[in-house]
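Peer 1: Input file: structure.cif. Contents: mmCIF, C-alpha atoms and all ligand atoms.
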data_data
loop_
_atom_site.label_atom_id
_atom_site.label_comp_id
_atom_site.auth_asym_id
_atom_site.auth_seq_id
_atom_site.Cartn_x
_atom_site.Cartn_y
_atom_site.Cartn_z
CA MET C 194 90.06 164.28 256.07
CA ALA C 195 92.24 161.26 255.26
CA GLU C 196 92.08 159.51 258.60
CA ILE C 197 95.09 157.39 259.57
CA ILE C 198 93.71 154.07 260.83
CA SER C 199 96.91 152.04 261.17
CA ALA C 200 100.65 152.07 260.69
CA ARG C 201 103.25 149.36 260.90
CA VAL C 202 107.00 148.90 260.68
CA ILE C 203 108.44 146.35 258.24
CA VAL C 204 112.02 145.21 258.89
CA THR C 205 113.68 143.18 256.14
CA CYS C 206 117.21 142.13 255.16
CA PRO C 207 117.50 141.32 251.46
CA GLY C 208 121.30 141.36 251.74
CA ARG C 209 121.26 144.38 254.08
CA ASN C 210 118.78 145.72 256.63
CA PHE C 211 115.98 148.13 255.73
CA VAL C 212 113.24 149.55 257.94
CA THR C 213 110.04 150.70 256.21
CA LEU C 214 106.98 152.43 257.66
CA ARG C 215 103.59 151.82 256.05
CA ILE C 216 100.75 154.19 257.00
CA GLU C 217 97.16 153.35 256.02
CA THR C 218 94.16 155.65 255.75
CA ARG C 219 90.46 154.85 256.09
CA ALA C 220 90.07 155.44 252.34
CA GLY C 221 92.41 152.47 251.74
CA VAL C 222 95.24 154.63 250.42
CA TYR C 223 98.61 153.87 252.04
CA GLY C 224 102.02 155.51 252.01
CA LEU C 225 105.58 154.24 252.52
CA GLY C 226 108.49 155.86 254.35
CA ASP C 227 112.10 154.75 254.86
CA ALA C 228 113.31 154.57 258.49
CA THR C 229 116.69 152.89 257.95
CA LEU C 230 119.56 154.08 260.15
CA ASN C 231 122.57 151.94 259.29
CA GLY C 232 123.72 149.83 262.24
CA ARG C 233 120.97 151.24 264.51
CA GLU C 234 117.89 149.97 262.62
CA LEU C 235 115.99 148.53 265.57
CA ALA C 236 116.29 151.73 267.60
CA VAL C 237 114.25 153.59 264.95
CA ALA C 238 111.80 150.68 264.61
CA SER C 239 111.22 150.79 268.37
CA TYR C 240 110.89 154.60 268.41
CA LEU C 241 108.23 154.32 265.71
CA ASN C 242 106.37 151.38 267.26
CA ASP C 243 106.50 152.51 270.86
CA HIS C 244 106.33 156.29 270.61
CA VAL C 245 105.20 157.54 267.19
CA ILE C 246 102.59 155.18 265.74
CA PRO C 247 100.23 155.46 268.75
CA CYS C 248 100.19 159.25 268.22
CA LEU C 249 99.35 158.95 264.51
CA ILE C 250 96.13 156.97 264.75
CA GLY C 251 93.07 159.13 264.06
CA ARG C 252 95.06 162.06 262.62
CA ASP C 253 94.45 163.55 259.18
CA ALA C 254 97.19 162.31 256.80
CA HIS C 255 96.78 165.50 254.76
CA ARG C 256 98.12 167.67 257.60
CA ILE C 257 101.77 166.93 256.82
CA GLU C 258 103.23 170.11 258.33
CA ASP C 259 101.13 169.87 261.49
CA ILE C 260 102.09 166.22 262.05
CA TRP C 261 105.77 167.12 261.49
CA GLN C 262 105.58 169.88 264.10
CA TYR C 263 103.63 167.61 266.46
CA LEU C 264 106.30 164.89 266.31
CA TYR C 265 109.22 167.35 266.50
CA LYS C 266 108.02 169.84 269.10
CA GLY C 267 105.71 167.40 270.83
CA ALA C 268 108.49 165.00 271.82
CA TYR C 269 110.18 167.74 273.87
CA TRP C 270 113.48 165.91 273.12
CA ARG C 271 114.51 167.42 269.80
CA ARG C 272 116.75 166.29 266.94
CA GLY C 273 119.09 163.28 266.92
CA PRO C 274 119.35 160.61 264.19
CA VAL C 275 116.83 158.17 265.72
CA THR C 276 114.08 160.73 266.25
CA MET C 277 114.64 162.52 262.95
CA SER C 278 114.74 159.25 260.95
CA ALA C 279 111.41 158.24 262.50
CA ILE C 280 109.91 161.65 261.67
CA GLY C 281 111.44 161.36 258.19
CA ALA C 282 109.68 158.02 257.62
CA VAL C 283 106.29 159.43 258.68
CA ASP C 284 106.79 162.51 256.50
CA MET C 285 107.70 160.48 253.38
CA ALA C 286 104.68 158.22 253.87
CA LEU C 287 102.37 161.23 254.20
CA TRP C 288 103.70 162.84 250.99
CA ASP C 289 103.22 159.45 249.29
CA ILE C 290 99.59 159.37 250.46
CA LYS C 291 98.94 162.97 249.40
CA GLY C 292 100.35 162.29 245.94
CA LYS C 293 98.31 159.13 245.50
CA MET C 294 95.13 160.91 246.60
CA ALA C 295 95.85 163.82 244.24
CA GLY C 296 96.75 161.41 241.41
CA LEU C 297 100.09 163.23 241.02
CA PRO C 298 103.77 162.35 241.44
CA VAL C 299 105.16 164.06 244.55
CA TYR C 300 107.49 166.31 242.53
CA GLN C 301 104.39 167.98 241.05
CA LEU C 302 103.18 168.79 244.57
CA LEU C 303 106.60 170.31 245.33
CA GLY C 304 106.27 172.83 242.51
CA GLY C 305 106.91 170.67 239.45
CA ALA C 306 110.11 169.78 237.60
CA SER C 307 112.91 172.36 237.64
CA ARG C 308 115.05 170.23 235.30
CA GLU C 309 114.83 167.22 232.97
CA GLY C 310 116.46 164.83 235.43
CA CYS C 311 118.82 164.60 238.41
CA MET C 312 122.52 164.24 237.65
CA VAL C 313 123.97 161.40 239.73
CA TYR C 314 127.48 160.35 240.68
CA GLY C 315 128.60 156.74 240.78
CA HIS C 316 131.25 155.07 242.93
CA ALA C 317 134.52 153.94 241.36
CA ASN C 318 136.80 152.14 243.78
CA GLY C 319 139.68 149.71 243.63
CA ALA C 320 142.56 148.23 245.59
CA ASP C 321 144.98 150.62 243.84
CA ILE C 322 144.98 153.58 241.45
CA GLU C 323 144.90 151.40 238.31
CA GLU C 324 141.87 149.41 239.50
CA THR C 325 140.06 152.59 240.56
CA ILE C 326 140.65 154.21 237.18
CA GLU C 327 139.42 151.07 235.40
CA ALA C 328 136.23 151.26 237.48
CA ALA C 329 135.88 154.97 236.66
CA ILE C 330 136.26 154.26 232.93
CA ALA C 331 133.51 151.61 233.22
CA HIS C 332 131.23 154.22 234.82
CA VAL C 333 131.90 156.75 232.06
CA GLU C 334 131.09 154.02 229.52
CA GLN C 335 127.72 153.57 231.28
CA GLY C 336 127.02 157.26 230.75
CA TYR C 337 127.91 158.64 234.18
CA LYS C 338 128.74 162.35 234.07
CA ALA C 339 130.21 162.27 237.58
CA VAL C 340 132.26 159.64 239.39
CA ARG C 341 133.56 159.41 242.94
CA LEU C 342 137.12 158.03 243.25
CA GLN C 343 138.20 156.00 246.31
CA SER C 344 141.37 153.94 246.14
CA GLY C 345 143.15 151.58 248.50
CA VAL C 346 145.98 153.30 250.40
CA PRO C 347 149.45 151.70 250.10
CA GLY C 348 150.41 150.38 253.54
CA LEU C 349 146.83 150.19 254.90
CA ALA C 350 145.00 146.85 254.83
CA ALA C 351 141.54 148.38 254.37
CA THR C 352 140.03 151.81 253.99
CA TYR C 353 136.67 153.52 253.69
CA GLY C 354 134.96 153.24 250.31
CA VAL C 355 137.01 150.37 248.87
CA ALA C 356 135.33 147.00 248.33
CA LYS C 357 136.94 143.74 249.45
CA ALA C 358 138.28 141.81 246.43
CA GLY C 359 135.44 140.53 244.24
CA GLU C 360 132.64 141.95 246.46
CA ARG C 361 130.28 144.93 246.32
CA TYR C 362 131.17 147.68 248.77
CA GLU C 363 129.09 147.35 251.92
CA PRO C 364 130.48 148.96 255.05
CA ALA C 365 128.08 147.37 257.59
CA ASP C 366 129.98 144.09 257.49
CA GLY C 367 130.03 142.58 260.98
CA ALA C 368 127.73 141.33 263.76
CA LEU C 369 130.14 143.38 265.88
CA PRO C 370 132.07 146.36 264.47
CA THR C 371 135.12 145.29 262.46
CA GLU C 372 138.28 147.34 263.12
CA SER C 373 140.66 148.87 260.61
CA LEU C 374 143.85 150.90 261.03
CA TRP C 375 144.28 154.43 259.73
CA SER C 376 147.30 156.55 258.86
CA THR C 377 146.70 160.14 257.72
CA GLU C 378 150.27 160.37 256.39
CA LYS C 379 149.86 157.31 254.12
CA TYR C 380 146.43 158.46 252.96
CA MET C 381 147.56 162.02 252.19
CA ARG C 382 150.34 160.69 249.94
CA SER C 383 147.85 158.66 247.89
CA VAL C 384 145.07 161.07 246.87
CA ALA C 385 146.73 163.63 244.58
CA PRO C 386 148.41 160.89 242.45
CA LEU C 387 144.98 159.22 242.10
CA PHE C 388 143.46 162.44 240.76
CA GLU C 389 146.45 163.16 238.52
CA LYS C 390 146.22 159.71 236.89
CA ALA C 391 142.42 159.94 236.68
CA ARG C 392 142.59 163.23 234.74
CA GLU C 393 145.18 161.71 232.40
CA ALA C 394 142.93 158.71 231.74
CA LEU C 395 139.48 160.34 231.76
CA GLY C 396 140.10 163.88 230.57
CA TRP C 397 138.21 166.92 231.82
CA ASP C 398 134.62 166.30 230.73
CA VAL C 399 133.71 164.08 233.67
CA HIS C 400 133.16 165.39 237.21
CA LEU C 401 135.43 163.75 239.78
CA LEU C 402 134.53 163.55 243.47
CA HIS C 403 136.21 162.23 246.60
CA ASP C 404 135.07 161.37 250.15
CA VAL C 405 137.56 161.95 252.99
CA HIS C 406 135.02 160.46 255.42
CA HIS C 407 135.81 162.76 258.35
CA ARG C 408 139.46 161.65 258.63
CA LEU C 409 141.49 164.90 258.57
CA THR C 410 142.04 167.90 260.80
CA PRO C 411 141.06 171.26 259.26
CA ILE C 412 144.66 172.19 258.44
CA GLU C 413 145.33 168.77 256.87
CA ALA C 414 142.12 169.20 254.88
CA GLY C 415 143.32 172.60 253.69
CA ARG C 416 146.52 171.00 252.42
CA LEU C 417 144.71 168.14 250.69
CA GLY C 418 142.32 170.59 249.04
CA ARG C 419 145.21 172.66 247.75
CA GLU C 420 146.93 169.54 246.36
CA LEU C 421 143.74 168.56 244.51
CA GLU C 422 142.96 172.03 243.10
CA PRO C 423 144.89 171.46 239.82
CA TYR C 424 142.59 168.47 239.04
CA ARG C 425 139.38 170.53 239.57
CA PRO C 426 137.38 168.09 241.71
CA PHE C 427 133.61 168.60 241.71
CA TRP C 428 133.82 168.29 245.49
CA VAL C 429 135.81 167.00 248.42
CA GLU C 430 133.41 165.47 250.93
CA ASP C 431 133.51 165.44 254.74
CA PRO C 432 137.13 166.65 254.98
CA THR C 433 136.88 166.96 258.78
CA PRO C 434 134.20 166.09 261.36
CA ALA C 435 131.61 168.88 261.26
CA GLU C 436 130.32 169.11 264.82
CA ASN C 437 132.46 172.24 265.06
CA GLN C 438 131.12 174.14 262.07
CA ALA C 439 133.55 177.05 262.58
CA ALA C 440 136.44 174.65 261.82
CA PHE C 441 135.59 174.96 258.15
CA ARG C 442 136.76 178.59 258.20
CA LEU C 443 140.30 177.27 258.52
CA ILE C 444 139.88 174.97 255.52
CA ARG C 445 138.46 177.83 253.43
CA GLN C 446 141.51 179.99 254.28
CA HIS C 447 143.74 177.45 252.55
CA THR C 448 141.86 176.06 249.57
CA ASN C 449 139.15 176.92 247.07
CA VAL C 450 138.28 173.27 246.41
CA PRO C 451 134.44 172.83 246.65
CA LEU C 452 133.33 171.16 249.88
CA ALA C 453 130.37 168.84 250.53
CA VAL C 454 129.19 168.03 254.05
CA GLY C 455 126.10 166.75 255.81
CA GLU C 456 125.35 163.04 255.41
CA VAL C 457 125.43 162.60 259.21
CA PHE C 458 123.39 165.76 259.88
CA ASN C 459 119.79 165.42 260.92
CA SER C 460 118.59 168.99 261.28
CA ILE C 461 118.93 172.45 259.77
CA TRP C 462 120.76 173.47 262.95
CA ASP C 463 123.66 171.12 262.12
CA ALA C 464 124.28 173.03 258.89
CA LYS C 465 123.22 176.59 259.79
CA GLN C 466 126.66 178.15 260.29
CA LEU C 467 128.23 176.17 257.44
CA ILE C 468 125.58 177.54 255.10
CA GLU C 469 125.30 181.10 256.41
CA GLU C 470 129.07 181.63 256.32
CA GLN C 471 129.32 179.89 252.94
CA LEU C 472 131.82 177.42 254.40
CA ILE C 473 130.49 174.61 252.18
CA ASP C 474 129.28 174.36 248.59
CA TYR C 475 127.00 171.31 248.80
CA VAL C 476 124.80 170.12 251.65
CA ARG C 477 124.53 166.32 251.69
CA THR C 478 121.75 165.80 254.21
CA THR C 479 119.11 163.45 252.86
CA ILE C 480 115.41 162.76 253.30
CA VAL C 481 115.41 159.88 255.78
CA HIS C 482 117.92 161.11 258.35
CA ALA C 483 116.78 164.74 258.38
CA GLY C 484 113.08 164.61 259.07
CA GLY C 485 111.74 163.87 255.60
CA ILE C 486 110.83 165.98 252.60
CA THR C 487 109.30 168.69 254.79
CA HIS C 488 112.51 169.42 256.69
CA ILE C 489 114.98 168.97 253.84
CA ARG C 490 113.04 171.57 251.85
CA ARG C 491 113.71 174.00 254.69
CA ILE C 492 117.45 173.17 254.65
CA ALA C 493 117.55 173.62 250.87
CA ALA C 494 115.69 176.94 251.08
CA LEU C 495 118.24 178.27 253.57
CA ALA C 496 121.09 176.92 251.42
CA ASP C 497 119.67 178.57 248.30
CA LEU C 498 120.05 182.02 249.90
CA TYR C 499 123.80 181.39 250.13
CA GLN C 500 124.34 179.64 246.77
CA VAL C 501 124.88 176.30 248.46
CA ARG C 502 123.48 173.42 246.40
CA THR C 503 122.12 170.00 247.36
CA GLY C 504 124.09 166.76 247.04
CA CYS C 505 121.94 164.19 248.82
CA HIS C 506 123.48 161.12 250.39
CA GLY C 507 122.51 158.03 248.38
CA ALA C 508 124.51 155.05 249.68
CA THR C 509 122.89 151.59 249.66
CA ASP C 510 121.92 151.91 253.33
CA LEU C 511 119.27 154.44 252.27
CA SER C 512 116.43 152.29 250.99
CA PRO C 513 114.80 152.67 247.54
CA VAL C 514 112.03 154.56 249.37
CA THR C 515 114.52 157.31 250.24
CA MET C 516 115.94 157.22 246.71
CA ALA C 517 112.42 157.78 245.33
CA ALA C 518 111.79 160.67 247.75
CA ALA C 519 115.23 162.19 247.05
CA LEU C 520 114.53 162.17 243.30
CA HIS C 521 111.13 163.88 243.66
CA PHE C 522 112.85 166.48 245.84
CA GLY C 523 115.87 166.77 243.55
CA LEU C 524 113.82 167.19 240.39
CA SER C 525 111.87 170.09 241.89
CA VAL C 526 114.29 171.96 244.19
CA PRO C 527 115.79 175.09 242.55
CA ASN C 528 119.31 174.66 243.99
CA PHE C 529 119.84 171.01 243.10
CA GLY C 530 123.52 170.07 242.75
CA ILE C 531 123.91 166.32 242.32
CA GLN C 532 122.51 163.06 243.75
CA GLU C 533 124.67 160.16 244.97
CA LEU C 534 123.85 156.81 243.35
CA MET C 535 125.15 153.55 244.74
CA PRO C 536 122.83 151.11 242.96
CA HIS C 537 120.92 148.61 245.10
CA THR C 538 121.17 144.88 244.37
CA GLU C 539 118.66 143.16 242.07
CA LEU C 540 117.17 141.50 245.14
CA THR C 541 116.63 144.83 246.93
CA ASN C 542 115.04 146.24 243.77
CA THR C 543 112.70 143.22 243.64
CA VAL C 544 111.63 143.76 247.26
CA PHE C 545 111.08 147.47 246.49
CA PRO C 546 109.64 147.79 242.94
CA HIS C 547 109.87 151.43 241.86
CA ALA C 548 109.05 153.96 239.16
CA TYR C 549 112.41 155.76 239.20
CA SER C 550 114.98 155.07 236.51
CA TYR C 551 118.58 155.78 235.43
CA ARG C 552 119.56 156.93 231.93
CA HIS C 553 122.78 158.55 230.64
CA GLY C 554 124.05 159.64 234.06
CA MET C 555 120.68 161.10 235.12
CA MET C 556 117.82 159.77 237.21
CA HIS C 557 114.09 160.57 237.11
CA PRO C 558 111.50 159.70 239.77
CA GLY C 559 108.88 158.64 237.21
CA ASP C 560 105.28 159.82 236.99
CA ALA C 561 103.42 157.32 239.17
CA PRO C 562 101.16 159.02 241.73
CA GLY C 563 102.86 159.53 245.11
CA LEU C 564 106.51 158.50 245.49
CA GLY C 565 106.21 155.66 242.96
CA ILE C 566 107.54 153.02 245.32
CA GLU C 567 106.17 149.68 246.58
CA ILE C 568 107.28 146.96 248.97
CA ASP C 569 106.66 143.29 248.23
CA GLU C 570 105.84 142.32 251.81
CA GLU C 571 105.67 138.59 251.15
CA LEU C 572 109.17 138.63 249.73
CA ALA C 573 110.41 141.04 252.42
CA ALA C 574 109.19 138.63 255.13
CA LYS C 575 111.57 135.95 253.81
CA TYR C 576 114.63 138.02 254.79
CA GLU C 577 114.92 138.39 258.53
CA TYR C 578 116.80 141.22 260.24
CA THR C 579 120.48 140.36 260.65
CA ARG C 580 122.54 142.49 263.04
CA ALA C 581 125.24 144.39 261.17
CA PHE C 582 127.41 147.24 262.44
CA LEU C 583 129.49 149.87 260.69
CA PRO C 584 133.26 149.41 261.22
CA VAL C 585 135.43 151.43 263.58
CA ALA C 586 138.89 152.87 262.85
CA ARG C 587 141.99 153.15 265.04
CA LEU C 588 145.32 154.86 264.44
CA GLU C 589 148.25 152.51 263.94
CA ASP C 590 149.17 152.86 267.65
CA GLY C 591 145.68 151.71 268.68
CA THR C 592 144.06 155.10 269.39
CA MET C 593 140.34 155.21 268.52
CA PHE C 594 139.74 157.43 265.47
CA ASN C 595 136.90 158.57 263.20
CA TRP C 596 135.60 155.94 260.81
O1 LIG N 601 126.06 154.20 256.61
C1 LIG N 601 127.20 154.95 256.34
C2 LIG N 601 127.33 155.17 254.85
O2 LIG N 601 126.13 155.61 254.30
C3 LIG N 601 128.40 156.17 254.54
O3 LIG N 601 129.63 155.73 255.05
C4 LIG N 601 128.49 156.35 253.03
O4 LIG N 601 130.03 158.16 253.27
C5 LIG N 601 129.19 157.57 252.62
C6 LIG N 601 128.83 158.11 251.30
O5 LIG N 601 129.36 159.18 250.97
O6 LIG N 601 128.03 157.50 250.59
MG MG N 602 130.23 160.17 252.57
#
Can the structure from this file be put into structure tokens for me?
Ligand code: KDG
Ligand code: MG
Peer 2:
Amino acid sequence: MAEIISARVIVTCPGRNFVTLRIETRAGVYGLGDATLNGRELAVASYLNDHVIPCLIGRDAHRIEDIWQYLYKGAYWRRGPVTMSAIGAVDMALWDIKGKMAGLPVYQLLGGASREGCMVYGHANGADIEETIEAAIAHVEQGYKAVRLQSGVPGLAATYGVAKAGERYEPADGALPTESLWSTEKYMRSVAPLFEKAREALGWDVHLLHDVHHRLTPIEAGRLGRELEPYRPFWVEDPTPAENQAAFRLIRQHTNVPLAVGEVFNSIWDAKQLIEEQLIDYVRTTIVHAGGITHIRRIAALADLYQVRTGCHGATDLSPVTMAAALHFGLSVPNFGIQELMPHTELTNTVFPHAYSYRHGMMHPGDAPGLGIEIDEELAAKYEYTRAFLPVARLEDGTMFNW
């Protein structure tokens, strides 16, 4: 028995907000879990403080599956990003504790390494095609084997995935949501030329990816996919909102471009039809937002039956705790595809010292017992929570649209 005697939520903002759960056992061993839900951080903190932590005290930290089921079934109200992020944080912390008590890195508890490292993709973006290609070349020079391309769209002042001049890309940029205008027609004209020029400049040995960020209808997505086919993208991500999973049948009828979906999913049920009908090629759900390592293993096991591979979300709003957990999972899972890497700032890395590392386009979780992640609480306490929302998008006539 590894009795849980206390748990607390640590909210910090070293440049952006992160929510971390720390669970302590009577033996003095503690575990960390990420509970960050971009733009809705305090909702998860409250769910943990008010509704989850009181139920954890006195339980055996070793009973990871039972605690998962208790928090999922026991709430009566199932699923949803807030609930599943809170469960995800508890689950990560419990795997961290189990690993530390066993003296083993978590990937060993998950069956051991299935590969030497996890291939990652970096983000190349720029105001126009030339700038984006320059950024992609810089990534290839740093050893990246896979690069995501997002370019400014002529005629649109701002778009998803493109940093403001001279800044790092960070979408949660306002104390109230900032608004940008969207035109599908202008966007559609810009993507194929970006990929054409990128292949000319980079050749064929690097994987190229692109995120549509839920902006197209299925038939528009089919057309975009077909236009990109000659440039062999590794994947096209979130071509259309995926609440209606059957909509992806229409995309598949028109293009064979590989599809990646799932960063906004929080349960296996969100992806069930997409996987079973082989309507996607990569499932992007990650540890924090989908109920932790325990639940993502279930999603990956279902996906494996249908030759769908993993491609975990790894933007900077997922804390280094999630990155550590994702790498232990990614190193061990049989149907690993790729891991997103949007490197955290130096300051974030100082608040969260970690054992994972990047080398030649691959990442490894390291061999420290547990997840191999710490939080410097004294430093974290210096950076108070600062409200920050994700932006919203409208069509040029003012109609609300998908961001
Ligand atoms: O919080 C939202 C971001 O994580 C998301 O917009 C990033 O789409 C994203 C990606 O592919 O990393
Ligand atoms: Mg995305």
Peer 1: Fewer than 6 positions away in the same chain doesn't count, so skip those; otherwise give me all residues within 9 Å of Arg419 (chain C), counting all atoms listed in the file, as a ChimeraX atom specification.
Peer 2: /C:447-450
Peer 1: So that I can check the surroundings of region 217-230 of chain C, please list as a list in words every protein, DNA and RNA residue that reaches within 7 Å of it, counting all atoms listed in the file and ignoring chain neighbours fewer than 6 positions away.
Peer 2: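 In the requested form, the answer reads Ala195, Glu196, Ile197, Ile198, Ser199, Ala200, Phe211, Val237, Ser278, Ala279, Ala282, Val283, Met285, Ala286, Leu287, Asp289, Ile290, Val481, Leu511, Ser512, Val514 and Thr515 of chain C.
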Peer 1: Can you find the residues with an atom no farther than 8 Å from (113.2, 170.7, 245.4), counting only C-alpha atoms, and report them as a list of chain:residue names?
Peer 2: C:Tyr300, C:Leu303, C:Gly304, C:Ser307, C:Arg490, C:Ala493, C:His521, C:Phe522, C:Gly523, C:Leu524, C:Ser525, C:Val526, C:Pro527, C:Asn528, C:Phe529
Peer 1: Out of C:Gln466, C:Asn318, C:Ser460, C:Thr592, which residue has the shortest atom-to-atom distance to Asp404 (chain C) when counting only C-alpha atoms?
Peer 2: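 When distances to Asp404 (chain C) are compared using only C-alpha atoms, the smallest one comes from C:Asn318.
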Peer 1: Let me have all residues with an atom within 7 Å of ligand MG 602 (chain N), counting all atoms listed in the file, laid out as a ChimeraX atom specification.
Peer 2: /C:404,406,430-431,456
Peer 1: Each residue of chain C with at least one atom at most 7 Å from ligand LIG 601 (chain N) should appear once, together with its nearest atom pair and the corresponding distance in Å (one decimal); atoms considered: only C-alpha atoms and all ligand atoms; ordering: chain, then increasing residue number; output as a Markdown table.
Peer 2:
| residue | atom | partner | partner_atom | distance |
| --- | --- | --- | --- | --- |
| C:Asn231 | CA | N:LIG601 | O1 | 4.9 |
| C:Pro364 | CA | N:LIG601 | O3 | 6.8 |
| C:Asp404 | CA | N:LIG601 | O5 | 6.2 |
| C:His406 | CA | N:LIG601 | O4 | 5.9 |
| C:His506 | CA | N:LIG601 | O6 | 5.8 |
| C:Gly507 | CA | N:LIG601 | O6 | 6.0 |
| C:Ala508 | CA | N:LIG601 | O6 | 4.4 |
| C:Thr509 | CA | N:LIG601 | O2 | 6.9 |
| C:Asp510 | CA | N:LIG601 | O2 | 5.7 |
| C:Leu583 | CA | N:LIG601 | O1 | 6.9 |
Peer 1: Please list as a list of chain:residue names every residue within 12 Å of Glu334 (chain C), counting only C-alpha atoms and excluding residues in the same chain fewer than 6 positions away.
Peer 2: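 Those residues are C:Gly315, C:Glu327, C:Ala328, C:Val340, C:Leu395, C:Val399, C:His553, C:Gly554.
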Peer 1: Can you pull out every residue within 12 Å of Phe388 (chain C), counting only C-alpha atoms, but drop anything in the same chain fewer than 5 positions away, and send it as number ranges by chain?
Peer 2: C: 322-323, 325-326, 329, 340-344, 382-383, 393-397, 400-403, 417-418, 420-427, 429
Peer 1: Can you tell me how far CA of Leu264 (chain C) sits from CA of Asn242 (chain C), in Å to one decimal?
Peer 2: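 Spanning CA of Leu264 (chain C) to CA of Asn242 (chain C) is a straight-line distance of 13.5 Å.
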Peer 1: Using the partial input, fill out region 409-421 of chain C with N, CA, C and O atoms; write the result as a CSV table (one decimal), in the frame of the given file.
Peer 2:
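Saved file selection.csv follows:
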chain,number,residue,atom,x,y,z
C,409,LEU,N,140.4,163.9,258.5
C,409,LEU,CA,141.5,164.9,258.6
C,409,LEU,C,141.2,166.0,259.6
C,409,LEU,O,140.0,166.2,259.9
C,410,THR,N,142.2,166.7,260.0
C,410,THR,CA,142.0,167.9,260.8
C,410,THR,C,141.8,169.0,259.8
C,410,THR,O,142.1,168.9,258.6
C,411,PRO,N,141.3,170.2,260.2
C,411,PRO,CA,141.1,171.3,259.3
C,411,PRO,C,142.3,171.7,258.5
C,411,PRO,O,142.3,171.9,257.3
C,412,ILE,N,143.5,171.7,259.2
C,412,ILE,CA,144.7,172.2,258.4
C,412,ILE,C,145.1,171.1,257.5
C,412,ILE,O,145.6,171.4,256.4
C,413,GLU,N,145.0,169.9,257.8
C,413,GLU,CA,145.3,168.8,256.9
C,413,GLU,C,144.4,168.8,255.7
C,413,GLU,O,144.8,168.6,254.5
C,414,ALA,N,143.1,169.1,256.0
C,414,ALA,CA,142.1,169.2,254.9
C,414,ALA,C,142.5,170.4,253.9
C,414,ALA,O,142.3,170.2,252.7
C,415,GLY,N,142.9,171.5,254.5
C,415,GLY,CA,143.3,172.6,253.7
C,415,GLY,C,144.4,172.2,252.7
C,415,GLY,O,144.4,172.6,251.6
C,416,ARG,N,145.4,171.4,253.3
C,416,ARG,CA,146.5,171.0,252.4
C,416,ARG,C,146.1,170.0,251.3
C,416,ARG,O,146.4,170.2,250.2
C,417,LEU,N,145.2,169.1,251.7
C,417,LEU,CA,144.7,168.1,250.7
C,417,LEU,C,144.0,168.9,249.6
C,417,LEU,O,144.2,168.6,248.4
C,418,GLY,N,143.1,169.8,250.0
C,418,GLY,CA,142.3,170.6,249.0
C,418,GLY,C,143.2,171.3,248.1
C,418,GLY,O,143.0,171.3,246.9
C,419,ARG,N,144.3,171.9,248.6
C,419,ARG,CA,145.2,172.7,247.8
C,419,ARG,C,145.9,171.7,246.8
C,419,ARG,O,146.1,172.0,245.6
C,420,GLU,N,146.3,170.5,247.3
C,420,GLU,CA,146.9,169.5,246.4
C,420,GLU,C,146.0,169.1,245.2
C,420,GLU,O,146.5,168.7,244.2
C,421,LEU,N,144.7,169.1,245.5
C,421,LEU,CA,143.7,168.6,244.5
C,421,LEU,C,143.3,169.7,243.6
C,421,LEU,O,142.7,169.4,242.5
